[in-house]
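Just target-v2.csv here, CSV, C-alpha atoms and all ligand atoms:
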chain,number,residue,atom,x,y,z
A,1,MET,CA,-2.3,-19.9,22.5
A,2,SER,CA,-1.3,-20.0,26.1
A,3,ARG,CA,-3.7,-20.1,29.0
A,4,PHE,CA,-2.5,-16.6,29.9
A,5,LEU,CA,-3.8,-14.9,26.7
A,6,SER,CA,-6.4,-12.3,27.7
A,7,ALA,CA,-9.9,-12.3,26.3
A,8,ARG,CA,-9.0,-9.2,24.4
A,9,GLY,CA,-6.0,-11.0,22.9
A,10,GLN,CA,-8.2,-14.0,22.0
A,11,ARG,CA,-10.6,-11.8,20.1
A,12,LEU,CA,-8.0,-10.1,17.9
A,13,SER,CA,-8.4,-10.6,14.2
A,14,VAL,CA,-5.1,-10.7,12.4
A,15,TYR,CA,-3.8,-9.8,9.0
A,16,THR,CA,-2.3,-12.5,6.8
A,17,PRO,CA,0.7,-11.2,4.9
A,18,GLY,CA,1.6,-12.5,1.4
A,19,GLU,CA,4.0,-15.4,1.4
A,20,GLN,CA,7.7,-14.5,1.9
A,21,PRO,CA,9.2,-18.0,1.2
A,22,ARG,CA,12.9,-18.5,1.9
A,23,GLU,CA,13.2,-22.2,0.9
A,24,ARG,CA,13.6,-21.6,-2.8
A,25,ARG,CA,14.0,-18.7,-5.3
A,26,TYR,CA,10.8,-17.7,-6.8
A,27,ILE,CA,9.9,-15.2,-9.5
A,28,LYS,CA,8.2,-13.2,-6.8
A,29,LEU,CA,5.1,-11.4,-8.1
A,30,ASN,CA,2.9,-11.7,-5.0
A,31,THR,CA,3.5,-8.8,-2.7
A,32,ASN,CA,4.0,-5.8,-5.0
A,33,GLU,CA,7.6,-5.2,-4.1
A,34,SER,CA,9.9,-3.4,-6.6
A,35,PRO,CA,12.1,-5.7,-8.7
A,36,PHE,CA,14.8,-3.0,-8.6
A,37,PRO,CA,17.3,-2.5,-5.8
A,38,PRO,CA,17.5,0.8,-3.9
A,39,ALA,CA,19.5,3.6,-5.6
A,40,PRO,CA,23.3,3.1,-5.4
A,41,ALA,CA,23.6,6.1,-3.0
A,42,VAL,CA,21.2,4.3,-0.6
A,43,LEU,CA,23.2,1.1,-0.8
A,44,GLU,CA,26.4,3.1,0.0
A,45,ALA,CA,24.8,4.9,3.0
A,46,LEU,CA,25.3,2.1,5.5
A,47,GLN,CA,28.9,2.7,6.6
A,48,PRO,CA,30.5,1.3,9.8
A,49,GLY,CA,30.2,4.8,11.4
A,50,THR,CA,26.5,4.7,10.8
A,51,LEU,CA,26.2,1.4,12.5
A,52,ALA,CA,28.3,2.6,15.4
A,53,GLY,CA,25.8,5.4,15.9
A,54,LEU,CA,23.2,2.7,16.8
A,55,ARG,CA,24.2,3.0,20.4
A,56,LEU,CA,22.2,6.2,20.6
A,57,TYR,CA,18.4,6.4,20.3
A,58,CYS,CA,17.2,7.7,17.0
A,59,ASP,CA,15.6,11.1,16.6
A,60,PRO,CA,12.0,10.5,17.8
A,61,GLU,CA,10.9,13.6,15.8
A,62,CYS,CA,12.5,12.4,12.6
A,63,ARG,CA,13.3,16.0,11.8
A,64,GLU,CA,15.7,15.6,8.8
A,65,LEU,CA,13.5,13.0,7.2
A,66,LYS,CA,10.3,15.1,7.7
A,67,ARG,CA,12.2,18.1,6.2
A,68,CYS,CA,13.1,16.1,3.1
A,69,LEU,CA,9.5,14.8,2.7
A,70,ALA,CA,8.0,18.2,3.2
A,71,ALA,CA,10.3,19.7,0.6
A,72,GLN,CA,9.4,17.0,-1.9
A,73,TYR,CA,5.7,17.6,-1.5
A,74,GLY,CA,5.7,21.4,-1.0
A,75,LEU,CA,4.4,21.1,2.5
A,76,SER,CA,5.8,22.1,5.9
A,77,PRO,CA,7.5,19.5,8.2
A,78,SER,CA,4.6,20.0,10.6
A,79,GLU,CA,2.3,18.5,7.9
A,80,VAL,CA,4.3,15.3,7.8
A,81,PHE,CA,4.0,12.2,10.0
A,82,VAL,CA,6.4,9.3,9.6
A,83,GLY,CA,5.7,5.7,10.6
A,84,ASN,CA,7.1,2.2,10.7
A,85,GLY,CA,5.6,1.4,7.3
A,86,SER,CA,2.4,3.0,6.1
A,87,ASP,CA,0.7,0.2,8.0
A,88,GLU,CA,1.6,1.9,11.2
A,89,ALA,CA,0.5,5.3,10.0
A,90,LEU,CA,-2.9,3.7,9.1
A,91,ASN,CA,-3.1,1.9,12.4
A,92,PHE,CA,-2.5,5.2,14.2
A,93,ALA,CA,-5.1,7.0,12.0
A,94,PHE,CA,-7.7,4.4,12.8
A,95,MET,CA,-6.8,4.7,16.5
A,96,ALA,CA,-6.8,8.5,16.4
A,97,PHE,CA,-9.9,9.2,14.2
A,98,GLY,CA,-12.2,6.3,14.6
A,99,GLU,CA,-15.0,7.1,17.0
A,100,ASP,CA,-17.5,4.2,16.6
A,101,SER,CA,-17.3,3.3,12.9
A,102,ILE,CA,-15.1,3.6,9.9
A,103,ALA,CA,-16.0,2.9,6.3
A,104,TYR,CA,-13.9,1.3,3.4
A,105,PRO,CA,-14.7,-0.6,0.3
A,106,ASP,CA,-15.6,-4.3,0.7
A,107,ILE,CA,-12.8,-5.3,-1.6
A,108,SER,CA,-9.7,-3.4,-0.6
A,109,TYR,CA,-6.6,-3.6,1.6
A,110,GLY,CA,-7.0,-6.5,4.0
A,111,PHE,CA,-5.6,-4.6,7.0
A,112,TYR,CA,-8.5,-2.1,7.2
A,113,PRO,CA,-11.0,-4.5,8.8
A,114,VAL,CA,-8.2,-5.8,11.1
A,115,PHE,CA,-7.4,-2.2,12.3
A,116,ALA,CA,-11.1,-1.5,12.7
A,117,ALA,CA,-11.5,-4.5,15.0
A,118,LEU,CA,-8.4,-3.8,16.9
A,119,HIS,CA,-9.7,-0.4,17.9
A,120,GLY,CA,-13.2,-1.6,18.6
A,121,LEU,CA,-14.7,0.2,15.5
A,122,LYS,CA,-17.6,-1.0,13.5
A,123,GLY,CA,-16.2,-1.5,9.9
A,124,ILE,CA,-18.7,-0.4,7.4
A,125,GLU,CA,-18.0,-2.2,4.1
A,126,LEU,CA,-18.9,-0.2,1.0
A,127,PRO,CA,-19.6,-2.7,-1.8
A,128,LEU,CA,-17.7,-2.0,-4.9
A,129,LEU,CA,-19.8,-1.5,-8.0
A,130,LYS,CA,-20.1,-4.2,-10.7
A,131,ASP,CA,-17.0,-2.9,-12.5
A,132,PHE,CA,-15.1,-2.9,-9.2
A,133,SER,CA,-15.1,0.9,-9.0
A,134,VAL,CA,-15.7,2.7,-5.7
A,135,PRO,CA,-19.4,3.5,-4.9
A,136,LEU,CA,-18.9,7.2,-4.5
A,137,ALA,CA,-22.5,8.1,-3.7
A,138,LEU,CA,-22.4,5.5,-0.9
A,139,ALA,CA,-19.1,6.9,0.4
A,140,GLN,CA,-20.6,10.4,0.4
A,141,ALA,CA,-23.5,9.2,2.5
A,142,GLN,CA,-21.2,8.1,5.4
A,143,ARG,CA,-20.8,10.3,8.5
A,144,CYS,CA,-17.9,8.4,9.8
A,145,PRO,CA,-14.3,8.5,8.5
A,146,VAL,CA,-13.8,6.9,5.1
A,147,VAL,CA,-10.7,5.1,4.0
A,148,LEU,CA,-9.9,4.6,0.3
A,149,ALA,CA,-6.9,3.0,-1.2
A,150,ASN,CA,-6.2,4.9,-4.4
A,151,PRO,CA,-5.4,3.1,-6.7
A,152,ASN,CA,-7.3,0.4,-4.9
A,153,ALA,CA,-5.8,-3.0,-4.0
A,154,PRO,CA,-6.2,-5.7,-5.2
A,155,THR,CA,-8.1,-4.3,-8.2
A,156,GLY,CA,-5.6,-1.6,-9.3
A,157,ILE,CA,-8.5,0.7,-10.3
A,158,ALA,CA,-7.9,4.4,-9.5
A,159,LEU,CA,-10.3,7.2,-8.7
A,160,PRO,CA,-9.7,10.6,-10.5
A,161,LEU,CA,-8.8,13.6,-8.4
A,162,CYS,CA,-12.1,15.3,-9.1
A,163,SER,CA,-13.9,12.4,-7.3
A,164,ILE,CA,-11.7,12.7,-4.3
A,165,ARG,CA,-12.4,16.5,-4.2
A,166,GLN,CA,-16.1,15.9,-4.5
A,167,LEU,CA,-16.0,13.5,-1.6
A,168,LEU,CA,-14.0,15.9,0.5
A,169,GLU,CA,-16.4,18.8,-0.4
A,170,SER,CA,-19.6,16.8,0.2
A,171,ASP,CA,-19.0,16.9,4.0
A,172,ARG,CA,-16.1,18.7,5.5
A,173,GLU,CA,-16.9,17.2,8.9
A,174,ARG,CA,-16.0,13.8,7.5
A,175,LEU,CA,-12.4,12.7,7.5
A,176,LEU,CA,-11.1,11.1,4.3
A,177,ILE,CA,-8.0,8.9,4.5
A,178,VAL,CA,-6.5,8.2,1.1
A,179,ASP,CA,-4.0,5.4,1.1
A,180,GLU,CA,-1.7,6.1,-1.8
A,181,ALA,CA,0.6,3.1,-1.5
A,182,TYR,CA,0.6,2.8,-5.4
A,183,VAL,CA,0.2,6.4,-6.4
A,184,ASP,CA,3.6,6.7,-8.1
A,185,PHE,CA,2.7,4.3,-10.9
A,186,GLY,CA,0.9,6.9,-12.9
A,187,VAL,CA,-2.0,8.2,-10.8
A,188,GLU,CA,-2.9,11.7,-9.6
A,189,SER,CA,-2.1,12.2,-5.9
A,190,ALA,CA,-4.5,14.0,-3.5
A,191,VAL,CA,-1.6,15.7,-1.8
A,192,SER,CA,-2.3,18.9,-3.9
A,193,LEU,CA,-5.7,19.1,-2.1
A,194,ILE,CA,-4.2,19.3,1.4
A,195,PRO,CA,-3.9,23.1,1.7
A,196,GLU,CA,-7.7,23.3,0.8
A,197,PHE,CA,-9.0,20.5,3.0
A,198,ASP,CA,-8.5,20.0,6.7
A,199,ASN,CA,-10.5,16.7,6.4
A,200,LEU,CA,-7.9,15.0,4.2
A,201,LEU,CA,-5.1,12.7,5.3
A,202,VAL,CA,-2.9,11.1,2.6
A,203,VAL,CA,-0.9,8.0,3.4
A,204,GLN,CA,2.1,6.9,1.3
A,205,THR,CA,5.0,4.5,1.6
A,206,PHE,CA,8.6,3.7,0.6
A,207,SER,CA,7.7,0.0,0.2
A,208,LYS,CA,6.4,-0.1,-3.3
A,209,SER,CA,7.8,2.5,-5.7
A,210,ARG,CA,10.9,3.2,-3.6
A,211,SER,CA,12.3,-0.3,-3.2
A,212,MET,CA,12.3,-0.3,0.6
A,213,ALA,CA,9.7,-2.7,1.8
A,214,GLY,CA,12.1,-4.3,4.2
A,215,ALA,CA,13.1,-1.0,5.9
A,216,ARG,CA,9.5,-0.3,7.0
A,217,LEU,CA,8.9,3.4,6.2
A,218,GLY,CA,5.7,5.1,5.5
A,219,TYR,CA,4.2,8.6,6.1
A,220,ALA,CA,1.0,10.5,6.3
A,221,LEU,CA,0.5,14.0,4.9
A,222,GLY,CA,-2.2,16.4,6.1
A,223,GLN,CA,-2.8,19.7,7.8
A,224,GLU,CA,-0.9,20.4,11.0
A,225,ARG,CA,-3.8,19.5,13.4
A,226,LEU,CA,-4.3,16.1,11.9
A,227,ILE,CA,-0.6,15.4,12.1
A,228,GLU,CA,-0.5,16.5,15.8
A,229,ASP,CA,-3.2,13.9,16.5
A,230,LEU,CA,-1.1,11.1,14.9
A,231,GLU,CA,1.9,12.2,16.9
A,232,ARG,CA,-0.2,12.0,20.0
A,233,VAL,CA,-0.9,8.4,19.3
A,234,LYS,CA,2.7,7.7,18.5
A,235,TYR,CA,3.9,9.1,21.8
A,236,ALA,CA,1.4,7.0,23.6
A,237,THR,CA,2.7,3.9,21.7
A,238,ASN,CA,6.2,4.0,20.4
A,239,PRO,CA,8.1,7.3,20.2
A,240,TYR,CA,11.1,5.7,18.4
A,241,ASN,CA,8.9,4.1,15.8
A,242,VAL,CA,11.3,4.7,12.9
A,243,ASN,CA,14.8,3.4,13.6
A,244,ALA,CA,18.0,5.4,12.8
A,245,LEU,CA,19.0,3.3,9.8
A,246,THR,CA,15.6,3.6,8.2
A,247,GLN,CA,15.5,7.4,8.8
A,248,LEU,CA,18.9,7.7,7.1
A,249,LEU,CA,17.9,5.4,4.2
A,250,GLY,CA,14.7,7.4,3.7
A,251,ILE,CA,16.6,10.6,3.4
A,252,LYS,CA,19.1,9.1,0.9
A,253,THR,CA,16.1,7.7,-1.0
A,254,LEU,CA,14.5,11.1,-1.3
A,255,GLU,CA,17.8,12.6,-2.6
A,256,ASN,CA,17.7,10.1,-5.5
A,257,GLN,CA,14.1,10.6,-6.7
A,258,ALA,CA,15.2,10.6,-10.4
A,259,TYR,CA,16.3,7.0,-10.0
A,260,TYR,CA,13.0,5.9,-8.6
A,261,ASP,CA,11.1,7.9,-11.2
A,262,ALA,CA,13.0,6.0,-13.9
A,263,CYS,CA,12.1,2.7,-12.1
A,264,CYS,CA,8.4,3.6,-12.1
A,265,ARG,CA,8.5,4.4,-15.8
A,266,ILE,CA,9.9,1.0,-16.5
A,267,ILE,CA,7.1,-0.6,-14.4
A,268,ILE,CA,4.5,1.3,-16.2
A,269,GLU,CA,5.9,0.1,-19.5
A,270,ASN,CA,6.0,-3.4,-18.3
A,271,ARG,CA,2.5,-3.2,-17.0
A,272,ALA,CA,1.2,-2.1,-20.4
A,273,TRP,CA,3.2,-5.0,-22.1
A,274,THR,CA,1.8,-7.5,-19.5
A,275,GLU,CA,-1.8,-6.3,-19.9
A,276,ALA,CA,-1.5,-6.7,-23.7
A,277,GLN,CA,0.0,-10.2,-23.4
A,278,LEU,CA,-2.6,-11.3,-20.9
A,279,ARG,CA,-5.5,-10.0,-23.0
A,280,ALA,CA,-4.0,-11.8,-26.0
A,281,LEU,CA,-4.2,-15.0,-24.0
A,282,GLY,CA,-7.9,-14.3,-23.3
A,283,PHE,CA,-7.6,-12.9,-19.8
A,284,GLU,CA,-9.9,-10.2,-18.5
A,285,VAL,CA,-7.6,-7.5,-17.1
A,286,LEU,CA,-8.9,-4.7,-14.9
A,287,PRO,CA,-7.5,-1.2,-15.8
A,288,SER,CA,-4.5,-0.7,-13.4
A,289,GLY,CA,-2.9,2.4,-12.0
A,290,ALA,CA,-0.6,0.3,-9.8
A,291,ASN,CA,2.4,-1.9,-10.0
A,292,PHE,CA,0.2,-5.0,-10.3
A,293,VAL,CA,-2.7,-6.2,-12.5
A,294,PHE,CA,-5.8,-8.1,-11.4
A,295,ALA,CA,-6.6,-10.6,-14.1
A,296,ALA,CA,-9.1,-13.4,-14.6
A,297,PRO,CA,-8.2,-16.4,-16.9
A,298,PRO,CA,-10.4,-17.3,-19.8
A,299,LYS,CA,-11.0,-20.8,-18.5
A,300,GLY,CA,-10.0,-23.0,-15.6
A,301,SER,CA,-9.9,-21.8,-12.1
A,302,ALA,CA,-7.6,-19.0,-10.8
A,303,ALA,CA,-6.9,-21.1,-7.7
A,304,ALA,CA,-5.5,-23.9,-9.9
A,305,LEU,CA,-3.5,-21.5,-11.9
A,306,TYR,CA,-2.0,-20.0,-8.8
A,307,GLU,CA,-1.0,-23.5,-7.6
A,308,ALA,CA,0.5,-24.5,-11.0
A,309,LEU,CA,2.5,-21.3,-11.2
A,310,LYS,CA,3.8,-21.7,-7.7
A,311,ALA,CA,4.9,-25.3,-8.5
A,312,GLN,CA,6.9,-23.8,-11.4
A,313,GLY,CA,8.5,-21.2,-9.1
A,314,ILE,CA,6.3,-18.2,-10.0
A,315,LEU,CA,4.5,-16.7,-7.0
A,316,VAL,CA,1.4,-14.6,-7.5
A,317,ARG,CA,-1.5,-13.7,-5.1
A,318,TYR,CA,-4.9,-15.3,-5.0
A,319,PHE,CA,-7.8,-14.0,-2.9
A,320,PRO,CA,-10.4,-16.8,-2.4
A,321,ARG,CA,-13.4,-14.6,-1.7
A,322,ALA,CA,-16.7,-14.5,-3.7
A,323,ARG,CA,-16.0,-11.6,-6.0
A,324,THR,CA,-12.2,-12.0,-6.3
A,325,GLU,CA,-11.9,-15.8,-6.7
A,326,ARG,CA,-11.8,-15.6,-10.5
A,327,TYR,CA,-8.8,-13.4,-10.5
A,328,LEU,CA,-5.0,-13.4,-9.8
A,329,ARG,CA,-3.2,-10.4,-8.6
A,330,ILE,CA,0.1,-10.2,-10.4
A,331,THR,CA,2.9,-7.8,-9.4
A,332,ILE,CA,4.7,-6.1,-12.3
A,333,GLY,CA,8.4,-7.1,-12.2
A,334,THR,CA,11.1,-6.8,-14.8
A,335,ARG,CA,10.4,-7.6,-18.5
A,336,GLU,CA,12.2,-11.0,-18.1
A,337,GLU,CA,10.0,-11.9,-15.1
A,338,MET,CA,6.9,-10.9,-16.9
A,339,SER,CA,8.0,-12.9,-20.0
A,340,ALA,CA,8.5,-15.9,-17.9
A,341,LEU,CA,5.1,-15.5,-16.4
A,342,VAL,CA,3.3,-15.1,-19.7
A,343,ASP,CA,5.1,-18.1,-21.2
A,344,ALA,CA,4.1,-20.2,-18.2
A,345,LEU,CA,0.5,-19.1,-18.4
A,346,ARG,CA,0.4,-19.8,-22.1
A,347,ALA,CA,1.6,-23.3,-21.6
A,348,LEU,CA,-0.8,-23.9,-18.6
A,349,LEU,CA,-3.8,-22.7,-20.6
A,350,GLN,CA,-2.9,-24.9,-23.5
A,351,ARG,CA,-2.7,-27.9,-21.2
A,352,THR,CA,-6.2,-27.4,-19.9
A,353,LEU,CA,-7.7,-27.3,-23.5
A,401,LIG,C1,1.5,-2.4,0.6
A,401,LIG,C2,0.3,-1.6,1.1
A,401,LIG,C3,0.4,-0.9,2.3
A,401,LIG,C4,1.5,-1.1,3.3
A,401,LIG,O1,2.6,-0.6,3.1
A,401,LIG,P1,3.8,-0.6,4.1
A,401,LIG,O2,4.3,0.8,4.0
A,401,LIG,O3,4.8,-1.6,3.7
A,401,LIG,O4,3.3,-0.9,5.5
A,401,LIG,C5,-0.7,0.0,2.7
A,401,LIG,N1,-1.7,0.1,1.9
A,401,LIG,C6,-1.9,-0.6,0.8
A,401,LIG,C7,-3.1,-0.5,0.0
A,401,LIG,C8,-0.9,-1.5,0.4
A,401,LIG,O5,-1.0,-2.2,-0.7
Please, can you express the file's structure as structure tokens?
Ligand SMILES: *Cc1c(COP(=O)(O)O)cnc(C)c1O
Amino acid sequence: MSRFLSARGQRLSVYTPGEQPRERRYIKLNTNESPFPPAPAVLEALQPGTLAGLRLYCDPECRELKRCLAAQYGLSPSEVFVGNGSDEALNFAFMAFGEDSIAYPDISYGFYPVFAALHGLKGIELPLLKDFSVPLALAQAQRCPVVLANPNAPTGIALPLCSIRQLLESDRERLLIVDEAYVDFGVESAVSLIPEFDNLLVVQTFSKSRSMAGARLGYALGQERLIEDLERVKYATNPYNVNALTQLLGIKTLENQAYYDACCRIIIENRAWTEAQLRALGFEVLPSGANFVFAAPPKGSAAALYEALKAQGILVRYFPRARTERYLRITIGTREEMSALVDALRALLQRTL
């Protein structure tokens, strides 16, 4: 760091993204991207005329994109916020709604404690129960905003909608932020509860189920007043937060929902296949509602397996913390990729006999 870095800058905690190596081709199962390209119509959207339009600022209100998202979810455009990835929507939500503390599970998305620290909030960690499920009674006891990833990451475990409803009803003065980055892989969304609850904000993304991680597009859905608050933070930070190309690609994506639904169905099938294969190899596999599985090998260390897979060109994710160190988080890719992974694991486990 330079000698000019402020004390505030020095105190920042930072998020460590999963590896995005460029030096060799990996079977990349480490950051929960889609193995499928965007829909053909999305690929065709970037014409020279579109690029020429870049001389103009983009629409800061993202009107057309909000209209399409609102139509997809049966909401009004005033109930939609769009951000530069859902990370930005979450960041703005922490900034807008965090007073002195904010609560989230102790094992969850690694950005929550970083955002809490960034905004000077005390992060209250809710310890997951023994089976890695969310401690609902403890969540209900909080007065501050609660953030839940549903399904949770890196466990993949999902809460049923009735539990979300119960949490919302237990204190209507407490805001619940549900991060649904993985909701499209077979889990019930809380969006249907928005008309009933003004203390609910649902955050989703184009990064996982819609093959657009590199375009950076996420959104938050909630009643109009909540969305106004997020817009307030946006206009204090970065009014042109979603660039023109990404807005266009987002609209084209929503026009091709059937393609993405088909991709999600394949991922769900491949997930079931992978779970069965891993269990047959003796792995403990947590029940997943996401496009990844969290699995512990029957013997040897997960850290060593992670390294051995990487040396063979297969990248997965390893979280070296007390309760997660026995597990690997493995993104679900194509059937070919998952076969290669299972074959590699089988061979590695035999070697350590
Ligand atoms: C991937 C992920 C995000 C971030 O998604 P972006 O839209 O790419 O910023 C947010 N929350 C969870 C739980 C995630 O896994």
Contacts to ligand LIG 401 (chain A) at 10 Å cut-off (all atoms listed in the file) as a ChimeraX atom specification: /A:17,31-33,83-91,108-112,148-154,156,178-183,203-208,212-219,290-291
Could you make a table, as a tab-separated table, of the residues of stretch 1-25 of chain A that have an atom within 9 Å of an atom of stretch 306-317 of chain A, each with its nearest atom pair and distance in Å to one decimal, counting all atoms listed in the file, in chain and number order?
residue	atom	partner	partner_atom	distance
A:Gly18	CA	A:Arg317	CA	7.3
A:Glu19	CA	A:Leu315	CA	8.5
A:Arg24	CA	A:Gly313	CA	8.1
A:Arg25	CA	A:Gly313	CA	7.1
Distance of atom CA of A:Val285 from atom CA of A:Leu159, expressed in Å to one decimal place: 17.1 Å
Centre, x/y/z edge lengths, axis-aligned box for stretch 41-44 of chain A with 5 Å per side, as AutoDock Vina command-line options:
--center_x 23.8 --center_y 3.6 --center_z -1.5 --size_x 15.2 --size_y 15.0 --size_z 13.0
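Across the model, the gap from atom CA of A:Gly53 to atom CA of A:Leu248 is 11.4 Å.
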Distance query stretch 115-131 of chain A at most 9 Å, all atoms listed in the file, self and fewer than 3 positions along chain excluded, as a list in words: Arg11, Leu12, Ser13, Val14, Leu90, Asn91, Phe94, Met95, Gly98, Glu99, Asp100, Ser101, Ile102, Ala103, Tyr104, Pro105, Asp106, Ile107, Phe111, Tyr112, Val134, Pro135, Leu138, Ala139 and Leu286 of chain A
Surrounding residues of A:Ala302 excluding itself and chain neighbours under 6 positions, 10 Å, all atoms listed in the file, as a ChimeraX atom specification: /A:295-296,308,317-320,324-329
Near-A:Ser192 list (10 Å; only C-alpha atoms; drop same-chain fewer than 3 positions) as a list in words: Tyr73, Gly74, Leu75, Leu161, Glu188, Ser189, Pro195, Glu196 and Phe197 of chain A
Spatial neighbours of A:Ile332, max dist 9 Å, all atoms listed in the file, sep filter under 5 positions, as a ChimeraX atom specification: /A:29,32-35,267-268,270-271,274,290-293,337-338
Store the residues picked out above, limited to C-alpha atoms, as an mmCIF file, in the coordinates of the input.
data_model
loop_
_atom_site.group_PDB
_atom_site.id
_atom_site.type_symbol
_atom_site.label_atom_id
_atom_site.label_comp_id
_atom_site.auth_asym_id
_atom_site.auth_seq_id
_atom_site.Cartn_x
_atom_site.Cartn_y
_atom_site.Cartn_z
ATOM 1 C CA LEU A 29 5.100 -11.400 -8.100
ATOM 2 C CA ASN A 32 4.000 -5.800 -5.000
ATOM 3 C CA GLU A 33 7.600 -5.200 -4.100
ATOM 4 C CA SER A 34 9.900 -3.400 -6.600
ATOM 5 C CA PRO A 35 12.100 -5.700 -8.700
ATOM 6 C CA ILE A 267 7.100 -0.600 -14.400
ATOM 7 C CA ILE A 268 4.500 1.300 -16.200
ATOM 8 C CA ASN A 270 6.000 -3.400 -18.300
ATOM 9 C CA ARG A 271 2.500 -3.200 -17.000
ATOM 10 C CA THR A 274 1.800 -7.500 -19.500
ATOM 11 C CA ALA A 290 -0.600 0.300 -9.800
ATOM 12 C CA ASN A 291 2.400 -1.900 -10.000
ATOM 13 C CA PHE A 292 0.200 -5.000 -10.300
ATOM 14 C CA VAL A 293 -2.700 -6.200 -12.500
ATOM 15 C CA GLU A 337 10.000 -11.900 -15.100
ATOM 16 C CA MET A 338 6.900 -10.900 -16.900
#
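The shortest atom-to-atom distance to A:Phe185, with all atoms listed in the file taken into account, belongs to A:Tyr260 out of A:Phe294, A:Tyr260, A:Phe132, A:Phe92.
Distances from A:Ala158, A:Ile27, A:Arg335, A:Ala280 to A:Ile266 were compared using all atoms listed in the file, and the smallest one belongs to A:Arg335.
Distances from A:Asp198, A:Glu275, A:Glu231, A:Glu44 to A:Thr253 were compared using all atoms listed in the file, and the smallest one belongs to A:Glu44.
A straight line drawn from atom CA of A:Gln20 to atom CA of A:Ser211 is 15.8 Å long.
The shortest atom-to-atom distance to A:Val191, with only C-alpha atoms taken into account, belongs to A:Gln72 out of A:Lys234, A:Gln72, A:Ser301, A:Leu281.
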Distance query 12 Å from (-2.7, 20.2, 10.8) using all atoms listed in the file, result as a PyMOL selection string: chain A and resi 75-81+194-201+220-231
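Distance check against A:Leu175 using all atoms listed in the file: of A:Pro21, A:Pro145, A:Gly333, A:Pro298, the minimum falls on A:Pro145.
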Using the structure just given, write a file holding all heavy atoms for stretch 16-20 of chain A, as a CSV table (one decimal), in the first residue's frame.
chain,number,residue,atom,x,y,z
A,16,THR,N,-12.3,-12.2,-1.3
A,16,THR,CA,-11.4,-12.9,-2.2
A,16,THR,C,-12.2,-13.7,-3.2
A,16,THR,O,-12.8,-14.7,-2.8
A,16,THR,CB,-10.5,-13.9,-1.4
A,16,THR,OG1,-10.0,-13.2,-0.2
A,16,THR,CG2,-9.4,-14.5,-2.2
A,17,PRO,N,-12.3,-13.2,-4.4
A,17,PRO,CA,-13.0,-14.0,-5.4
A,17,PRO,C,-12.4,-15.3,-5.7
A,17,PRO,O,-11.2,-15.5,-5.5
A,17,PRO,CB,-13.0,-13.1,-6.7
A,17,PRO,CG,-12.4,-11.8,-6.2
A,17,PRO,CD,-11.6,-12.1,-5.0
A,18,GLY,N,-13.2,-16.3,-6.2
A,18,GLY,CA,-12.7,-17.5,-6.7
A,18,GLY,C,-11.7,-17.3,-7.8
A,18,GLY,O,-11.8,-16.3,-8.5
A,19,GLU,N,-10.8,-18.3,-8.0
A,19,GLU,CA,-9.8,-18.1,-9.0
A,19,GLU,C,-10.4,-18.0,-10.4
A,19,GLU,O,-11.3,-18.8,-10.7
A,19,GLU,CB,-8.8,-19.3,-9.0
A,19,GLU,CG,-8.1,-19.6,-7.7
A,19,GLU,CD,-7.5,-21.0,-7.7
A,19,GLU,OE1,-6.4,-21.2,-8.2
A,19,GLU,OE2,-8.2,-21.9,-7.1
A,20,GLN,N,-9.8,-17.1,-11.3
A,20,GLN,CA,-10.2,-17.0,-12.7
A,20,GLN,C,-8.9,-17.2,-13.5
A,20,GLN,O,-8.5,-16.2,-14.1
A,20,GLN,CB,-10.9,-15.7,-13.0
A,20,GLN,CG,-12.2,-15.4,-12.2
A,20,GLN,CD,-13.3,-16.4,-12.6
A,20,GLN,OE1,-13.3,-17.1,-13.6
A,20,GLN,NE2,-14.4,-16.4,-11.7
